[in-house]
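The block underneath contains the structure these notes are about, expressed in structure tokens.
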Amino acid sequence: MPLSKEELERYSRQMLVPGIGTAGQEKLRAAKVAVVGLGGLGSAVLNYLAGAGVGELGLADHGGVELSNLHRQFIYGTAEVGGLKTALAAAHVSALNPHVKTNVREGWLEAGGLEEFLSGYDLVADCTDNFKTRAAINRACFGLKKTCVFGAVSRLEGQVAVFEPHSGPCLECLVPGVAGLPSRSPEEAGVTGPAAGATAALQAAEIMKLIL
């Protein structure tokens with residue numbers, strides 16, 4: 001199905017970029033990306049991917065928006081404190097770009113459920129904030145041979161990596177025993193909004209490059 005007139009106008013600026021064009025935009029529309037964690041990283045990653053026209057986004061998280069989230073999680077508003085992040089994120093994506101389909105998974109994703117959820121997507125964005133969950137995502141991606149674009153942020157710095165377990169090392173290769181490492185959440189270590197935003201932007205850029 002060719003891009004509609006509205007889609008051609010919506011994506012016109014990015015389609016001017018060499019390597020995107022109509023063919024690239026159709027690749028983005030056909031892509032499916034799972035975003036695990038809808039906090040400072042995930043909320044910005046899904047914003048960029050939805051804006052870029054990635055056709056289907058899986059949104060996974062648990063729990064509600066807290067007032068202390070709002071300095072870095074800009075898709076949520078003050079009036080939405082207490083609401084479920086998954087539902088609010090899906091509503092935000094729909095308002096931003098009605099061409100993007102969302103699938104919501106609310107609650108903790110245990111090992112079996114995680115593989116089941118991720119199996120339906122081409123790429124995985126790990127936007128979580130603790131090593132136990134990161135290790136579980138890594139194991140699931142290894143088993144499913146899914147490429148994972150990893151992001152982490154703390155204080156004034158962030159990290160981004162692309163792990164392709166079917167052709168190269170995974171997170172466990174880089175950090176053996178990662179599941180047992182102590183995690184310092186934003187509530188403990190602190191985090192700044194610009195650091196989260198910059199890291200998420202790099203994650204989204206890597207995902208777009210992989211799709212294209």
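Every chain in the structure tokens has a letter given in the order shown (A, B, ...), and although residue numbers restart at 1 in each chain, ligands are simply numbered from 1 in the order shown.
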Which residues of stretch 57-154 of chain A come within 12 Å of stretch 37-48 of chain A, and for each one, what is the closest pair of atoms and their distance in Å to one decimal, counting only C-alpha atoms, sorted by chain and residue number, as CSV?
```
residue,atom,partner,partner_atom,distance
A:Leu57,CA,A:Leu46,CA,7.6
A:Gly58,CA,A:Leu46,CA,9.3
A:Leu59,CA,A:Leu38,CA,7.3
A:Ala60,CA,A:Gly37,CA,5.9
A:Asp61,CA,A:Gly37,CA,5.1
A:His62,CA,A:Gly37,CA,8.2
A:Gly63,CA,A:Leu38,CA,10.1
A:Gly64,CA,A:Leu38,CA,10.3
A:Val65,CA,A:Gly39,CA,8.9
A:Glu66,CA,A:Gly39,CA,10.3
A:Ser68,CA,A:Gly40,CA,11.0
A:Asn69,CA,A:Gly39,CA,7.5
A:Leu70,CA,A:Gly40,CA,8.8
A:His71,CA,A:Gly40,CA,8.9
A:Arg72,CA,A:Gly40,CA,5.4
A:Gln73,CA,A:Gly40,CA,4.9
A:Phe74,CA,A:Ser43,CA,7.4
A:Ile75,CA,A:Ser43,CA,6.4
A:Tyr76,CA,A:Ser43,CA,8.7
A:Leu84,CA,A:Leu38,CA,10.3
A:Lys85,CA,A:Leu38,CA,6.8
A:Thr86,CA,A:Leu38,CA,7.3
A:Ala87,CA,A:Leu38,CA,10.6
A:Leu88,CA,A:Leu38,CA,10.0
A:Ala89,CA,A:Ser43,CA,7.3
A:Ala90,CA,A:Leu46,CA,9.6
A:Ala91,CA,A:Asn47,CA,11.6
A:His92,CA,A:Asn47,CA,8.5
A:Val93,CA,A:Asn47,CA,7.0
A:Ser94,CA,A:Asn47,CA,10.6
A:Ala95,CA,A:Asn47,CA,10.9
A:Leu96,CA,A:Asn47,CA,8.2
A:Asn97,CA,A:Asn47,CA,9.6
A:Val100,CA,A:Leu46,CA,10.6
A:Lys101,CA,A:Leu46,CA,11.8
A:Thr102,CA,A:Leu46,CA,10.2
A:Val104,CA,A:Leu38,CA,11.0
A:Arg105,CA,A:Gly37,CA,10.5
A:Glu106,CA,A:Gly37,CA,10.4
A:Gly107,CA,A:Gly37,CA,10.7
A:Trp108,CA,A:Gly37,CA,10.4
A:Leu109,CA,A:Gly37,CA,10.7
A:Val124,CA,A:Gly37,CA,10.9
A:Ala125,CA,A:Gly42,CA,7.8
A:Asp126,CA,A:Gly37,CA,7.0
A:Cys127,CA,A:Gly37,CA,4.9
A:Thr128,CA,A:Gly37,CA,4.8
A:Asp129,CA,A:Gly37,CA,7.9
A:Asn130,CA,A:Gly37,CA,10.4
A:Thr133,CA,A:Gly37,CA,9.8
A:Arg134,CA,A:Gly37,CA,10.3
A:Ile137,CA,A:Gly37,CA,11.0
A:Val149,CA,A:Val45,CA,10.8
A:Phe150,CA,A:Leu41,CA,10.1
A:Gly151,CA,A:Leu41,CA,7.3
A:Ala152,CA,A:Leu41,CA,7.8
A:Val153,CA,A:Leu41,CA,7.9
A:Ser154,CA,A:Gly40,CA,10.4
```
_Using DSSP secondary structure from the backbone, list all strand (DSSP E) positions within chain A, as a PyMOL selection string._
chain A and resi 32-36+56-61+101-106+123-126+147-154+157-163
*For A:Pro182, list every protein, DNA or RNA residue within 9 Å, evaluated using only C-alpha atoms, and leave out those in the same chain fewer than 2 positions away; present the list as a PyMOL selection string.*
chain A and resi 130-132+178-180+184
_Give me, as number ranges by chain, the residues of stretch 66-194 of chain A that a backbone DSSP run labels helix (DSSP H, G or I)._
A: 67-69, 78-80, 85-96, 111-118, 131-144, 171-174, 178-180, 186-189, 193-194
Those selected residues, please, written with C-alpha atoms and delivered as an mmCIF file, in the first residue's frame.
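Saved file part-v4.cif follows:
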```cif
data_model
loop_
_atom_site.group_PDB
_atom_site.id
_atom_site.type_symbol
_atom_site.label_atom_id
_atom_site.label_comp_id
_atom_site.auth_asym_id
_atom_site.auth_seq_id
_atom_site.Cartn_x
_atom_site.Cartn_y
_atom_site.Cartn_z
ATOM 1 C CA LEU A 67 5.191 13.620 40.212
ATOM 2 C CA SER A 68 8.958 13.019 40.444
ATOM 3 C CA ASN A 69 8.895 11.573 36.890
ATOM 4 C CA THR A 78 0.690 16.884 35.972
ATOM 5 C CA ALA A 79 -2.989 16.006 35.683
ATOM 6 C CA GLU A 80 -2.016 12.428 34.749
ATOM 7 C CA LYS A 85 2.080 4.815 32.055
ATOM 8 C CA THR A 86 1.194 2.167 29.471
ATOM 9 C CA ALA A 87 -2.307 3.521 28.820
ATOM 10 C CA LEU A 88 -1.156 7.141 28.838
ATOM 11 C CA ALA A 89 1.750 6.383 26.507
ATOM 12 C CA ALA A 90 -0.557 4.605 24.046
ATOM 13 C CA ALA A 91 -2.950 7.559 24.091
ATOM 14 C CA HIS A 92 -0.042 9.949 23.519
ATOM 15 C CA VAL A 93 1.199 7.971 20.516
ATOM 16 C CA SER A 94 -2.289 7.888 19.002
ATOM 17 C CA ALA A 95 -2.629 11.646 19.409
ATOM 18 C CA LEU A 96 0.828 12.277 17.962
ATOM 19 C CA ALA A 111 10.721 -14.774 31.691
ATOM 20 C CA GLY A 112 8.083 -16.659 29.701
ATOM 21 C CA GLY A 113 5.838 -13.662 29.236
ATOM 22 C CA LEU A 114 8.778 -11.520 28.170
ATOM 23 C CA GLU A 115 9.746 -13.871 25.337
ATOM 24 C CA GLU A 116 6.124 -14.131 24.268
ATOM 25 C CA PHE A 117 5.809 -10.344 24.150
ATOM 26 C CA LEU A 118 9.099 -9.671 22.353
ATOM 27 C CA PHE A 131 20.102 -4.937 35.943
ATOM 28 C CA LYS A 132 17.752 -7.821 36.729
ATOM 29 C CA THR A 133 15.274 -6.685 34.079
ATOM 30 C CA ARG A 134 18.034 -5.842 31.615
ATOM 31 C CA ALA A 135 19.454 -9.349 32.043
ATOM 32 C CA ALA A 136 16.025 -10.880 31.447
ATOM 33 C CA ILE A 137 15.566 -8.821 28.268
ATOM 34 C CA ASN A 138 19.048 -9.835 27.135
ATOM 35 C CA ARG A 139 18.293 -13.536 27.681
ATOM 36 C CA ALA A 140 15.003 -13.240 25.823
ATOM 37 C CA CYS A 141 16.644 -11.448 22.892
ATOM 38 C CA PHE A 142 19.401 -14.066 22.822
ATOM 39 C CA GLY A 143 16.865 -16.878 22.679
ATOM 40 C CA LEU A 144 14.765 -15.136 20.046
ATOM 41 C CA LEU A 171 24.973 -7.756 27.221
ATOM 42 C CA GLU A 172 26.024 -10.773 29.302
ATOM 43 C CA CYS A 173 29.190 -11.082 27.197
ATOM 44 C CA LEU A 174 30.075 -7.485 27.967
ATOM 45 C CA VAL A 178 24.850 -8.672 34.972
ATOM 46 C CA ALA A 179 21.670 -9.976 36.621
ATOM 47 C CA GLY A 180 23.330 -9.916 40.039
ATOM 48 C CA PRO A 186 16.833 7.327 39.679
ATOM 49 C CA GLU A 187 15.318 7.628 43.161
ATOM 50 C CA GLU A 188 18.695 6.623 44.631
ATOM 51 C CA ALA A 189 21.317 7.968 42.233
ATOM 52 C CA GLY A 193 16.223 15.332 32.088
ATOM 53 C CA PRO A 194 18.722 16.354 29.376
#
```
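Between atom CA of A:Gln25 and atom CA of A:Leu8 the interatomic distance comes to 9.0 Å.
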*Which of these, A:Val81, A:Met15, A:Val35, A:Leu28, has the shortest distance to A:Gly55 once you count only C-alpha atoms?*
A:Leu28
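Relative to atom CA of A:Ala201, atom CA of A:Cys170 is found at 21.6 Å.
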